[in-house]
>>> print(open('work39.txt').read())   # compact mmCIF, C-alpha atoms and all ligand atoms
# COMPACT_ATOMS: atom_id res chain seq x y z
CA MET A 1 34.34 -31.23 49.60
CA LEU A 2 35.80 -34.53 50.76
CA SER A 3 33.82 -34.43 53.98
CA ILE A 4 30.56 -33.80 52.09
CA GLN A 5 31.39 -36.71 49.81
CA GLN A 6 31.99 -39.05 52.73
CA GLU A 7 29.01 -37.94 54.79
CA TYR A 8 26.50 -38.46 52.00
CA ASP A 9 28.35 -41.29 50.26
CA LEU A 10 28.49 -39.42 46.94
CA THR A 11 30.38 -40.79 43.96
CA LYS A 12 32.67 -38.61 41.83
CA GLU A 13 29.87 -38.43 39.24
CA HIS A 14 27.47 -37.13 41.89
CA MET A 15 30.01 -34.51 42.88
CA LYS A 16 30.49 -33.40 39.29
CA ALA A 17 26.72 -33.13 38.78
CA LEU A 18 26.37 -31.18 42.03
CA LEU A 19 29.11 -28.71 41.14
CA THR A 20 27.70 -28.23 37.63
CA MET A 21 24.28 -27.55 39.10
CA ILE A 22 25.68 -25.05 41.57
CA PHE A 23 27.57 -23.30 38.78
CA PHE A 24 24.60 -23.07 36.42
CA GLY A 25 22.20 -22.43 39.30
CA ALA A 26 24.19 -19.41 40.34
CA ILE A 27 24.43 -17.79 36.92
CA ASP A 28 21.37 -18.95 35.08
CA THR A 29 18.47 -18.92 37.47
CA SER A 30 18.92 -15.44 38.89
CA ALA A 31 19.38 -13.95 35.41
CA ASN A 32 16.27 -15.75 34.15
CA ALA A 33 14.23 -14.58 37.14
CA LEU A 34 15.34 -11.02 36.44
CA GLU A 35 14.34 -11.30 32.78
CA PHE A 36 10.86 -12.67 33.56
CA THR A 37 10.32 -9.97 36.18
CA LEU A 38 11.40 -7.13 33.88
CA ALA A 39 9.21 -8.51 31.09
CA GLU A 40 6.15 -8.60 33.37
CA LEU A 41 6.85 -5.04 34.55
CA MET A 42 7.25 -3.79 30.97
CA ARG A 43 3.84 -5.27 30.18
CA LYS A 44 2.29 -3.42 33.13
CA PRO A 45 3.89 0.05 33.22
CA HIS A 46 1.86 1.22 36.23
CA LEU A 47 3.50 -1.54 38.29
CA MET A 48 6.93 -0.48 36.98
CA VAL A 49 6.24 3.11 38.12
CA LYS A 50 5.01 1.91 41.53
CA LEU A 51 8.15 -0.17 42.04
CA GLN A 52 10.50 2.58 40.82
CA ASP A 53 8.80 5.00 43.23
CA GLU A 54 9.49 2.63 46.11
CA VAL A 55 13.11 1.98 45.16
CA ARG A 56 13.96 5.59 44.35
CA GLY A 57 12.04 6.91 47.36
CA ILE A 58 14.15 4.84 49.71
CA ILE A 59 17.59 5.64 48.40
CA VAL A 60 17.27 9.17 47.00
CA PRO A 61 16.76 10.90 50.38
CA GLN A 62 19.91 9.20 51.61
CA GLY A 63 21.87 10.20 48.48
CA GLN A 64 23.15 6.68 47.89
CA GLU A 65 24.38 5.55 44.47
CA ILE A 66 24.29 1.81 44.93
CA ILE A 67 21.52 -0.10 46.65
CA GLY A 68 22.84 -2.73 49.06
CA GLU A 69 21.43 -5.65 50.99
CA THR A 70 20.48 -3.60 54.05
CA ASP A 71 18.17 -1.41 51.92
CA MET A 72 16.15 -4.46 50.92
CA ASN A 73 14.38 -4.70 54.28
CA ASN A 74 12.34 -1.63 53.40
CA MET A 75 11.52 -2.71 49.87
CA THR A 76 8.30 -4.60 50.48
CA TYR A 77 6.85 -4.01 47.02
CA LEU A 78 10.06 -5.14 45.33
CA ARG A 79 9.88 -8.40 47.27
CA ALA A 80 6.22 -8.84 46.34
CA VAL A 81 7.03 -8.28 42.66
CA ILE A 82 9.75 -10.95 42.72
CA LYS A 83 7.47 -13.42 44.51
CA GLU A 84 4.73 -12.88 41.95
CA SER A 85 7.23 -13.39 39.15
CA LEU A 86 8.37 -16.69 40.73
CA ARG A 87 4.75 -17.79 41.16
CA LEU A 88 4.02 -17.44 37.45
CA HIS A 89 7.49 -18.38 36.24
CA PRO A 90 9.13 -20.86 38.63
CA LEU A 91 12.61 -21.38 37.21
CA ALA A 92 12.67 -25.10 37.95
CA PRO A 93 9.01 -25.87 37.14
CA LEU A 94 9.23 -29.58 38.02
CA LEU A 95 11.72 -29.06 40.86
CA ALA A 96 14.25 -31.92 40.97
CA PRO A 97 13.03 -35.53 40.81
CA HIS A 98 12.51 -36.98 44.29
CA LEU A 99 12.38 -40.59 45.48
CA ALA A 100 9.97 -41.77 48.22
CA MET A 101 12.11 -43.42 50.90
CA ALA A 102 9.16 -45.20 52.58
CA ASP A 103 5.55 -46.11 51.79
CA CYS A 104 3.24 -43.22 52.51
CA ILE A 105 -0.30 -42.04 51.92
CA THR A 106 -0.75 -38.47 50.85
CA ASP A 107 -4.13 -36.94 50.12
CA GLY A 108 -5.60 -40.44 49.81
CA TYR A 109 -2.98 -41.61 47.28
CA ILE A 110 -0.69 -44.51 48.17
CA VAL A 111 2.93 -43.74 47.28
CA PRO A 112 5.05 -46.91 47.60
CA ALA A 113 8.68 -46.68 48.70
CA ARG A 114 11.13 -45.95 45.84
CA THR A 115 8.48 -44.20 43.73
CA ARG A 116 9.95 -41.38 41.63
CA VAL A 117 7.98 -38.27 42.56
CA VAL A 118 7.87 -35.22 40.31
CA VAL A 119 6.31 -32.08 41.77
CA ASN A 120 4.79 -29.65 39.29
CA ALA A 121 5.55 -26.30 40.95
CA TRP A 122 4.41 -24.48 37.80
CA ALA A 123 0.89 -25.93 38.03
CA ILE A 124 0.79 -25.44 41.81
CA GLY A 125 1.51 -21.73 41.35
CA ARG A 126 -1.44 -21.47 38.97
CA ASP A 127 -3.91 -23.57 40.94
CA PRO A 128 -7.22 -21.64 41.20
CA SER A 129 -8.01 -23.32 44.52
CA SER A 130 -5.02 -21.47 46.05
CA TRP A 131 -4.80 -18.27 44.01
CA GLU A 132 -7.20 -15.62 42.75
CA TYR A 133 -6.87 -14.41 39.14
CA VAL A 134 -4.23 -17.07 38.56
CA GLU A 135 -2.98 -15.89 35.17
CA GLU A 136 -2.70 -12.24 36.18
CA PHE A 137 0.55 -10.65 37.37
CA ILE A 138 -0.63 -9.05 40.64
CA PRO A 139 2.22 -8.43 43.13
CA GLU A 140 -0.29 -6.80 45.52
CA ARG A 141 -1.49 -10.27 46.53
CA PHE A 142 1.78 -10.60 48.49
CA THR A 143 1.67 -7.18 50.18
CA ASP A 144 -0.11 -6.11 53.39
CA GLU A 145 -3.82 -6.81 53.09
CA GLY A 146 -3.23 -8.96 50.00
CA SER A 147 -4.86 -12.40 49.93
CA SER A 148 -1.42 -14.12 50.14
CA MET A 149 0.42 -11.63 52.34
CA HIS A 150 1.82 -14.39 54.60
CA VAL A 151 2.79 -16.77 51.83
CA ASN A 152 6.54 -17.22 51.46
CA PHE A 153 8.91 -19.34 49.38
CA LYS A 154 10.75 -20.89 52.30
CA GLY A 155 9.11 -24.27 51.84
CA ASN A 156 6.30 -24.09 54.41
CA ASP A 157 3.58 -22.85 52.07
CA PHE A 158 2.89 -25.71 49.73
CA GLN A 159 0.95 -23.54 47.25
CA PHE A 160 4.19 -21.70 46.40
CA LEU A 161 7.33 -23.79 45.87
CA PRO A 162 9.77 -21.96 43.59
CA PHE A 163 12.69 -23.29 45.67
CA GLY A 164 11.12 -26.65 46.56
CA ALA A 165 10.55 -27.78 50.15
CA GLY A 166 12.01 -30.14 52.71
CA ARG A 167 15.59 -31.16 53.14
CA ARG A 168 16.35 -31.22 49.40
CA MET A 169 15.05 -27.72 48.79
CA CYS A 170 17.35 -25.24 47.08
CA PRO A 171 20.41 -24.51 49.25
CA GLY A 172 21.16 -21.43 47.10
CA MET A 173 17.82 -19.75 47.88
CA ASN A 174 19.21 -16.82 49.85
CA LEU A 175 22.02 -16.18 47.36
CA GLY A 176 19.66 -16.49 44.39
CA ILE A 177 16.95 -14.23 45.79
CA THR A 178 19.48 -11.62 46.97
CA ASN A 179 21.01 -11.53 43.48
CA VAL A 180 17.62 -10.91 41.89
CA GLU A 181 16.64 -8.27 44.46
CA LEU A 182 19.89 -6.33 44.12
CA MET A 183 19.99 -6.47 40.33
CA LEU A 184 16.35 -5.46 39.95
CA ALA A 185 16.52 -2.64 42.50
CA ASN A 186 19.70 -1.12 41.04
CA LEU A 187 18.54 -1.42 37.42
CA LEU A 188 15.18 0.20 38.16
CA CYS A 189 16.67 2.89 40.35
CA HIS A 190 19.21 4.24 37.88
CA PHE A 191 17.48 3.64 34.56
CA ASP A 192 14.13 4.12 32.90
CA TRP A 193 13.39 1.32 30.46
CA GLN A 194 11.93 1.51 26.98
CA LEU A 195 11.04 -0.95 24.28
CA PRO A 196 12.91 -0.73 20.95
CA LEU A 197 11.32 1.49 18.31
CA GLY A 198 8.20 -0.12 16.85
CA ALA A 199 7.84 -2.74 19.60
CA GLU A 200 4.67 -2.74 21.68
CA ARG A 201 4.07 -3.88 25.25
CA LYS A 202 1.38 -6.32 24.23
CA ASP A 203 3.87 -8.06 21.91
CA ILE A 204 6.37 -8.95 24.66
CA ASP A 205 6.69 -12.70 24.26
CA MET A 206 6.38 -14.61 27.54
CA THR A 207 6.71 -18.05 25.94
CA GLU A 208 8.88 -20.29 28.09
CA VAL A 209 11.51 -22.78 26.99
CA PHE A 210 12.03 -25.76 29.29
CA GLY A 211 15.48 -27.11 30.10
CA LEU A 212 17.43 -27.64 33.30
CA THR A 213 15.90 -24.28 34.13
CA VAL A 214 13.22 -22.27 32.33
CA ARG A 215 13.97 -19.19 30.28
CA THR A 216 12.07 -16.92 27.89
CA LYS A 217 11.96 -18.17 24.31
CA GLU A 218 12.72 -14.71 22.93
CA LYS A 219 15.33 -12.56 24.65
CA LEU A 220 13.84 -9.44 26.17
CA LEU A 221 15.23 -6.39 24.36
CA LEU A 222 15.05 -3.13 26.30
CA ILE A 223 16.69 0.28 26.01
CA PRO A 224 17.97 1.77 29.27
CA LYS A 225 17.84 5.55 29.72
CA SER A 226 20.12 6.73 32.49
CA ARG A 227 18.61 9.13 35.03
CA MET A 228 22.02 10.66 35.89
C1 LIG Q 301 16.39 -17.58 41.93
C2 LIG Q 301 17.30 -18.52 41.95
C3 LIG Q 301 17.06 -20.00 42.19
C4 LIG Q 301 15.91 -20.76 42.10
C5 LIG Q 301 14.51 -20.29 41.74
C6 LIG Q 301 16.27 -22.13 42.45
C7 LIG Q 301 15.38 -23.19 42.50
C8 LIG Q 301 15.72 -24.50 42.84
C9 LIG Q 301 14.79 -25.60 42.90
C10 LIG Q 301 13.30 -25.51 42.63
C11 LIG Q 301 15.47 -26.71 43.29
C12 LIG Q 301 14.90 -28.13 43.49
C13 LIG Q 301 14.38 -28.26 44.92
C14 LIG Q 301 13.56 -29.52 45.14
O1 LIG Q 301 13.57 -30.41 44.31
O2 LIG Q 301 12.86 -29.61 46.18
C15 LIG Q 301 16.86 -26.32 43.44
C16 LIG Q 301 17.86 -27.18 43.84
C17 LIG Q 301 19.18 -26.81 43.97
N1 LIG Q 301 19.69 -25.53 43.83
FE1 LIG Q 301 18.66 -23.85 43.37
N2 LIG Q 301 17.62 -22.18 42.72
C18 LIG Q 301 18.14 -20.91 42.58
C19 LIG Q 301 19.45 -20.52 42.81
C20 LIG Q 301 20.45 -21.36 43.19
C21 LIG Q 301 21.81 -20.94 43.44
C22 LIG Q 301 22.29 -19.50 43.36
C23 LIG Q 301 22.50 -22.07 43.78
C24 LIG Q 301 23.95 -22.26 44.14
C25 LIG Q 301 24.78 -21.31 44.47
C26 LIG Q 301 21.58 -23.20 43.75
C27 LIG Q 301 21.93 -24.51 44.02
C28 LIG Q 301 21.04 -25.58 44.05
C29 LIG Q 301 21.42 -26.96 44.36
C30 LIG Q 301 22.83 -27.48 44.66
C31 LIG Q 301 20.25 -27.74 44.32
C32 LIG Q 301 20.11 -29.26 44.57
C33 LIG Q 301 19.76 -29.49 46.05
C34 LIG Q 301 19.57 -30.97 46.36
O3 LIG Q 301 19.17 -31.74 45.50
O4 LIG Q 301 19.76 -31.33 47.53
N3 LIG Q 301 20.35 -22.72 43.39
N4 LIG Q 301 16.99 -24.97 43.18
>>> encode(input="work39.txt", output="structure tokens", more="lines below")
Ligand code: HEM
Amino acid sequence: MLSIQQEYDLTKEHMKALLTMIFFGAIDTSANALEFTLAELMRKPHLMVKLQDEVRGIIVPQGQEIIGETDMNNMTYLRAVIKESLRLHPLAPLLAPHLAMADCITDGYIVPARTRVVVNAWAIGRDPSSWEYVEEFIPERFTDEGSSMHVNFKGNDFQFLPFGAGRRMCPGMNLGITNVELMLANLLCHFDWQLPLGAERKDIDMTEVFGLTVRTKEKLLLIPKSRM
């Protein structure tokens, strides 16, 4: 920690803020991503079935109980589902505030040095000039033959920035995405999911609450039914 502090000339306050962010980033964001993804799948049961078929099809023949990281390489639909969830529900919708270090011109706009720049990743993910059927949850756009099959969240595709881009992009990206993949795959493999009695799919509330990260306004309530 000391060497990081010296290299970047961080104060103790910076260090505290950084550690807090890492702590909350680790717990909060992955759990929120999982909740948004499950909510979208509950609203579209045919997508839930398609994803469960993929997950169960891969591990059942091998008789495994727990899905691990190595299984993820074959789960192309699962990865597409998570991407689509992050497109519609980026967990840090305005990324982190950035500061222009030098004067620059971008897209015809002059950005003077020391300008505070806020990037609206939420709006970028719903921009009709980059995406078809922007409001629809369509994971297929990220699969083979989909219109965005080559688009990734690693910071090179500026129409999709759930982890930001450049040298300040999220350093916890791999950990965060692996958490979501493993949790989602294991939960969908071993359980079927139902809404509580009287609740209907169309009533699942996708309203978002903004904070350090975004979460659903109403907690998603689901009933797991074990397949064992
Ligand atoms: C699905 C999970 C996650 C998402 C969607 C996410 C997203 C983001 C975003 C959008 C930023 C701002 C990037 C920018 O402004 O360009 C960020 C920054 C950051 N994230 Fe994450 N994050 C996730 C998980 C994590 C985890 C697990 C950790 C730590 C273990 C983490 C640590 C950080 C830190 C330290 C920064 C600040 C980087 C800097 O300013 O240089 N994140 N994250």
>>> residues_around(input="work39.txt", residues="Leu47 of chain A", least_positions_apart="6", cutoff="12 Å", atoms="all atoms listed in the file", output="PDB file with C-alpha atoms, keeping the file's coordinate frame")
ATOM      1  CA  THR A  37      10.320  -9.970  36.180  1.00  0.00           C
ATOM      2  CA  LEU A  38      11.400  -7.130  33.880  1.00  0.00           C
ATOM      3  CA  ALA A  39       9.210  -8.510  31.090  1.00  0.00           C
ATOM      4  CA  GLU A  40       6.150  -8.600  33.370  1.00  0.00           C
ATOM      5  CA  LEU A  41       6.850  -5.040  34.550  1.00  0.00           C
ATOM      6  CA  ASP A  53       8.800   5.000  43.230  1.00  0.00           C
ATOM      7  CA  GLU A  54       9.490   2.630  46.110  1.00  0.00           C
ATOM      8  CA  TYR A  77       6.850  -4.010  47.020  1.00  0.00           C
ATOM      9  CA  LEU A  78      10.060  -5.140  45.330  1.00  0.00           C
ATOM     10  CA  ALA A  80       6.220  -8.840  46.340  1.00  0.00           C
ATOM     11  CA  VAL A  81       7.030  -8.280  42.660  1.00  0.00           C
ATOM     12  CA  GLU A  84       4.730 -12.880  41.950  1.00  0.00           C
ATOM     13  CA  PHE A 137       0.550 -10.650  37.370  1.00  0.00           C
ATOM     14  CA  ILE A 138      -0.630  -9.050  40.640  1.00  0.00           C
ATOM     15  CA  PRO A 139       2.220  -8.430  43.130  1.00  0.00           C
ATOM     16  CA  GLU A 140      -0.290  -6.800  45.520  1.00  0.00           C
ATOM     17  CA  LEU A 188      15.180   0.200  38.160  1.00  0.00           C
TER      18      LEU A 188
END
>>> closest_residue(input="work39.txt", among="A:His190, A:Arg56, A:Arg126, A:Arg43", to="Leu220 of chain A", atoms="only C-alpha atoms")
A:Arg43
>>> closest_residue(input="work39.txt", among="A:Met42, A:Asp127, A:Glu65, A:Asp28", to="Glu200 of chain A", atoms="all atoms listed in the file")
A:Met42
>>> closest_atom_pairs(input="work39.txt", of="chain A", to="ligand LIG 301 (chain Q)", cutoff="10 Å", atoms="only C-alpha atoms and all ligand atoms", output="tab-separated table")
residue	atom	partner	partner_atom	distance
A:Ala17	CA	Q:LIG301	C30	9.0
A:Leu18	CA	Q:LIG301	C30	5.8
A:Leu19	CA	Q:LIG301	C30	7.3
A:Thr20	CA	Q:LIG301	C30	8.6
A:Met21	CA	Q:LIG301	C30	5.7
A:Ile22	CA	Q:LIG301	C24	4.2
A:Phe23	CA	Q:LIG301	C24	6.6
A:Phe24	CA	Q:LIG301	C23	7.7
A:Gly25	CA	Q:LIG301	C20	4.4
A:Ala26	CA	Q:LIG301	C22	3.6
A:Ile27	CA	Q:LIG301	C22	7.0
A:Asp28	CA	Q:LIG301	C2	8.0
A:Thr29	CA	Q:LIG301	C2	4.6
A:Ser30	CA	Q:LIG301	C1	4.5
A:Ala31	CA	Q:LIG301	C1	8.0
A:Asn32	CA	Q:LIG301	C1	8.0
A:Ala33	CA	Q:LIG301	C1	6.1
A:Leu34	CA	Q:LIG301	C1	8.6
A:Ile82	CA	Q:LIG301	C1	9.4
A:Leu86	CA	Q:LIG301	C5	7.2
A:His89	CA	Q:LIG301	C5	9.1
A:Pro90	CA	Q:LIG301	C5	6.2
A:Leu91	CA	Q:LIG301	C5	5.0
A:Ala92	CA	Q:LIG301	C10	4.7
A:Pro93	CA	Q:LIG301	C10	7.0
A:Leu94	CA	Q:LIG301	C10	7.4
A:Leu95	CA	Q:LIG301	O1	4.1
A:Ala96	CA	Q:LIG301	O1	3.7
A:Pro97	CA	Q:LIG301	O1	6.2
A:His98	CA	Q:LIG301	O1	6.7
A:Val117	CA	Q:LIG301	O1	9.8
A:Val118	CA	Q:LIG301	O1	8.5
A:Val119	CA	Q:LIG301	O1	7.9
A:Ala121	CA	Q:LIG301	C10	8.0
A:Phe153	CA	Q:LIG301	C5	9.5
A:Gly155	CA	Q:LIG301	O2	8.6
A:Leu161	CA	Q:LIG301	C10	7.0
A:Pro162	CA	Q:LIG301	C10	5.1
A:Phe163	CA	Q:LIG301	C10	3.8
A:Gly164	CA	Q:LIG301	O2	3.5
A:Ala165	CA	Q:LIG301	O2	4.9
A:Gly166	CA	Q:LIG301	O2	6.6
A:Arg167	CA	Q:LIG301	O4	7.0
A:Arg168	CA	Q:LIG301	O4	3.9
A:Met169	CA	Q:LIG301	O2	3.9
A:Cys170	CA	Q:LIG301	C16	3.8
A:Pro171	CA	Q:LIG301	C28	5.3
A:Gly172	CA	Q:LIG301	C23	3.6
A:Met173	CA	Q:LIG301	C19	5.4
A:Asn174	CA	Q:LIG301	C22	7.7
A:Leu175	CA	Q:LIG301	C22	5.2
A:Gly176	CA	Q:LIG301	C2	4.0
A:Ile177	CA	Q:LIG301	C1	5.1
A:Thr178	CA	Q:LIG301	C1	8.4
A:Asn179	CA	Q:LIG301	C1	7.8
A:Val180	CA	Q:LIG301	C1	6.8
A:Glu181	CA	Q:LIG301	C1	9.7
A:Thr213	CA	Q:LIG301	C7	8.5
A:Val214	CA	Q:LIG301	C5	9.7
>>> residues_near_point(input="work39.txt", point="(9.2, 1.9, 44.8)", cutoff="9 Å", atoms="only C-alpha atoms", output="PyMOL selection string")
chain A and resi 48-58+75-78+185+189
>>> write_last_selection(input="work39.txt", atoms="C-alpha atoms", output="JSON list (two decimals), in the frame of the given file")
[["chain", "number", "residue", "atom", "x", "y", "z"],
["A", 48, "MET", "CA", 6.93, -0.48, 36.98],
["A", 49, "VAL", "CA", 6.24, 3.11, 38.12],
["A", 50, "LYS", "CA", 5.01, 1.91, 41.53],
["A", 51, "LEU", "CA", 8.15, -0.17, 42.04],
["A", 52, "GLN", "CA", 10.50, 2.58, 40.82],
["A", 53, "ASP", "CA", 8.80, 5.00, 43.23],
["A", 54, "GLU", "CA", 9.49, 2.63, 46.11],
["A", 55, "VAL", "CA", 13.11, 1.98, 45.16],
["A", 56, "ARG", "CA", 13.96, 5.59, 44.35],
["A", 57, "GLY", "CA", 12.04, 6.91, 47.36],
["A", 58, "ILE", "CA", 14.15, 4.84, 49.71],
["A", 75, "MET", "CA", 11.52, -2.71, 49.87],
["A", 76, "THR", "CA", 8.30, -4.60, 50.48],
["A", 77, "TYR", "CA", 6.85, -4.01, 47.02],
["A", 78, "LEU", "CA", 10.06, -5.14, 45.33],
["A", 185, "ALA", "CA", 16.52, -2.64, 42.50],
["A", 189, "CYS", "CA", 16.67, 2.89, 40.35]]
>>> closest_residue(input="work39.txt", among="A:Tyr109, A:Lys83, A:Met72, A:Gln62", to="Asn152 of chain A", atoms="only C-alpha atoms")
A:Lys83
>>> closest_residue(input="work39.txt", among="A:Pro112, A:Gly198, A:Gly68, A:Gly211", to="Leu184 of chain A", atoms="all atoms listed in the file")
A:Gly68
>>> atom_distance(input="work39.txt", atom1="atom CA of Glu132 of chain A", atom2="atom CA of Gly146 of chain A")
10.6 Å
>>> closest_residue(input="work39.txt", among="A:Phe36, A:Gln64, A:Pro45, A:Ala100", to="Leu195 of chain A", atoms="all atoms listed in the file")
A:Pro45
>>> atom_distance(input="work39.txt", atom1="atom CA of Ser148 of chain A", atom2="atom CA of Thr216 of chain A")
26.2 Å
>>> residues_near_point(input="work39.txt", point="(5.1, -18.3, 27.8)", cutoff="10 Å", atoms="all atoms listed in the file", output="PDB file with C-alpha atoms, in the frame of the given file")
ATOM      1  CA  PHE A  36      10.860 -12.670  33.560  1.00  0.00           C
ATOM      2  CA  LEU A  88       4.020 -17.440  37.450  1.00  0.00           C
ATOM      3  CA  HIS A  89       7.490 -18.380  36.240  1.00  0.00           C
ATOM      4  CA  ILE A 204       6.370  -8.950  24.660  1.00  0.00           C
ATOM      5  CA  ASP A 205       6.690 -12.700  24.260  1.00  0.00           C
ATOM      6  CA  MET A 206       6.380 -14.610  27.540  1.00  0.00           C
ATOM      7  CA  THR A 207       6.710 -18.050  25.940  1.00  0.00           C
ATOM      8  CA  GLU A 208       8.880 -20.290  28.090  1.00  0.00           C
ATOM      9  CA  VAL A 209      11.510 -22.780  26.990  1.00  0.00           C
ATOM     10  CA  ARG A 215      13.970 -19.190  30.280  1.00  0.00           C
ATOM     11  CA  THR A 216      12.070 -16.920  27.890  1.00  0.00           C
ATOM     12  CA  LYS A 217      11.960 -18.170  24.310  1.00  0.00           C
ATOM     13  CA  GLU A 218      12.720 -14.710  22.930  1.00  0.00           C
TER      14      GLU A 218
END
>>> residues_around(input="work39.txt", residues="Ala113 of chain A", least_positions_apart="4", cutoff="7 Å", atoms="only C-alpha atoms", output="ChimeraX atom specification")
/A:100-103
>>> write_last_selection(input="work39.txt", atoms="C-alpha atoms", output="compact mmCIF listing (two decimals), keeping the file's coordinate frame")
# COMPACT_ATOMS: atom_id res chain seq x y z
CA ALA A 100 9.97 -41.77 48.22
CA MET A 101 12.11 -43.42 50.90
CA ALA A 102 9.16 -45.20 52.58
CA ASP A 103 5.55 -46.11 51.79
>>> closest_residue(input="work39.txt", among="A:Arg116, A:Lys154, A:Arg79, A:Arg201", to="Leu221 of chain A", atoms="all atoms listed in the file")
A:Arg201
>>> atom_distance(input="work39.txt", atom1="atom CA of Gln159 of chain A", atom2="atom CA of Thr115 of chain A")
22.3 Å
>>> build_atoms(input="work39.txt", residues="segment 91-104 of chain A", atoms="N, CA and C atoms", output="mmCIF file, in the coordinates of the input")
data_model
loop_
_atom_site.group_PDB
_atom_site.id
_atom_site.type_symbol
_atom_site.label_atom_id
_atom_site.label_comp_id
_atom_site.auth_asym_id
_atom_site.auth_seq_id
_atom_site.Cartn_x
_atom_site.Cartn_y
_atom_site.Cartn_z
ATOM 1 N N LEU A 91 11.489 -21.142 38.141
ATOM 2 C CA LEU A 91 12.610 -21.380 37.210
ATOM 3 C C LEU A 91 12.939 -22.860 37.077
ATOM 4 N N ALA A 92 12.544 -23.637 38.070
ATOM 5 C CA ALA A 92 12.670 -25.100 37.950
ATOM 6 C C ALA A 92 11.245 -25.648 38.102
ATOM 7 N N PRO A 93 10.457 -25.637 37.020
ATOM 8 C CA PRO A 93 9.010 -25.870 37.140
ATOM 9 C C PRO A 93 8.640 -27.251 37.674
ATOM 10 N N LEU A 94 9.518 -28.240 37.489
ATOM 11 C CA LEU A 94 9.230 -29.580 38.020
ATOM 12 C C LEU A 94 10.153 -29.911 39.189
ATOM 13 N N LEU A 95 10.729 -28.894 39.795
ATOM 14 C CA LEU A 95 11.720 -29.060 40.860
ATOM 15 C C LEU A 95 12.781 -30.068 40.406
ATOM 16 N N ALA A 96 13.330 -30.832 41.344
ATOM 17 C CA ALA A 96 14.250 -31.920 40.970
ATOM 18 C C ALA A 96 13.495 -33.219 41.264
ATOM 19 N N PRO A 97 13.736 -34.284 40.511
ATOM 20 C CA PRO A 97 13.030 -35.530 40.810
ATOM 21 C C PRO A 97 13.346 -36.016 42.221
ATOM 22 N N HIS A 98 12.315 -36.465 42.935
ATOM 23 C CA HIS A 98 12.510 -36.980 44.290
ATOM 24 C C HIS A 98 12.163 -38.466 44.318
ATOM 25 N N LEU A 99 12.638 -39.167 45.354
ATOM 26 C CA LEU A 99 12.380 -40.590 45.480
ATOM 27 C C LEU A 99 11.781 -40.844 46.871
ATOM 28 N N ALA A 100 10.586 -41.479 46.905
ATOM 29 C CA ALA A 100 9.970 -41.770 48.220
ATOM 30 C C ALA A 100 10.833 -42.799 48.940
ATOM 31 N N MET A 101 11.225 -42.499 50.170
ATOM 32 C CA MET A 101 12.110 -43.420 50.900
ATOM 33 C C MET A 101 11.307 -44.497 51.632
ATOM 34 N N ALA A 102 10.006 -44.217 51.882
ATOM 35 C CA ALA A 102 9.160 -45.200 52.580
ATOM 36 C C ALA A 102 7.758 -45.132 51.986
ATOM 37 N N ASP A 103 6.954 -46.169 52.222
ATOM 38 C CA ASP A 103 5.550 -46.110 51.790
ATOM 39 C C ASP A 103 4.875 -44.953 52.502
ATOM 40 N N CYS A 104 4.023 -44.232 51.795
ATOM 41 C CA CYS A 104 3.240 -43.220 52.510
ATOM 42 C C CYS A 104 1.925 -42.972 51.781
#
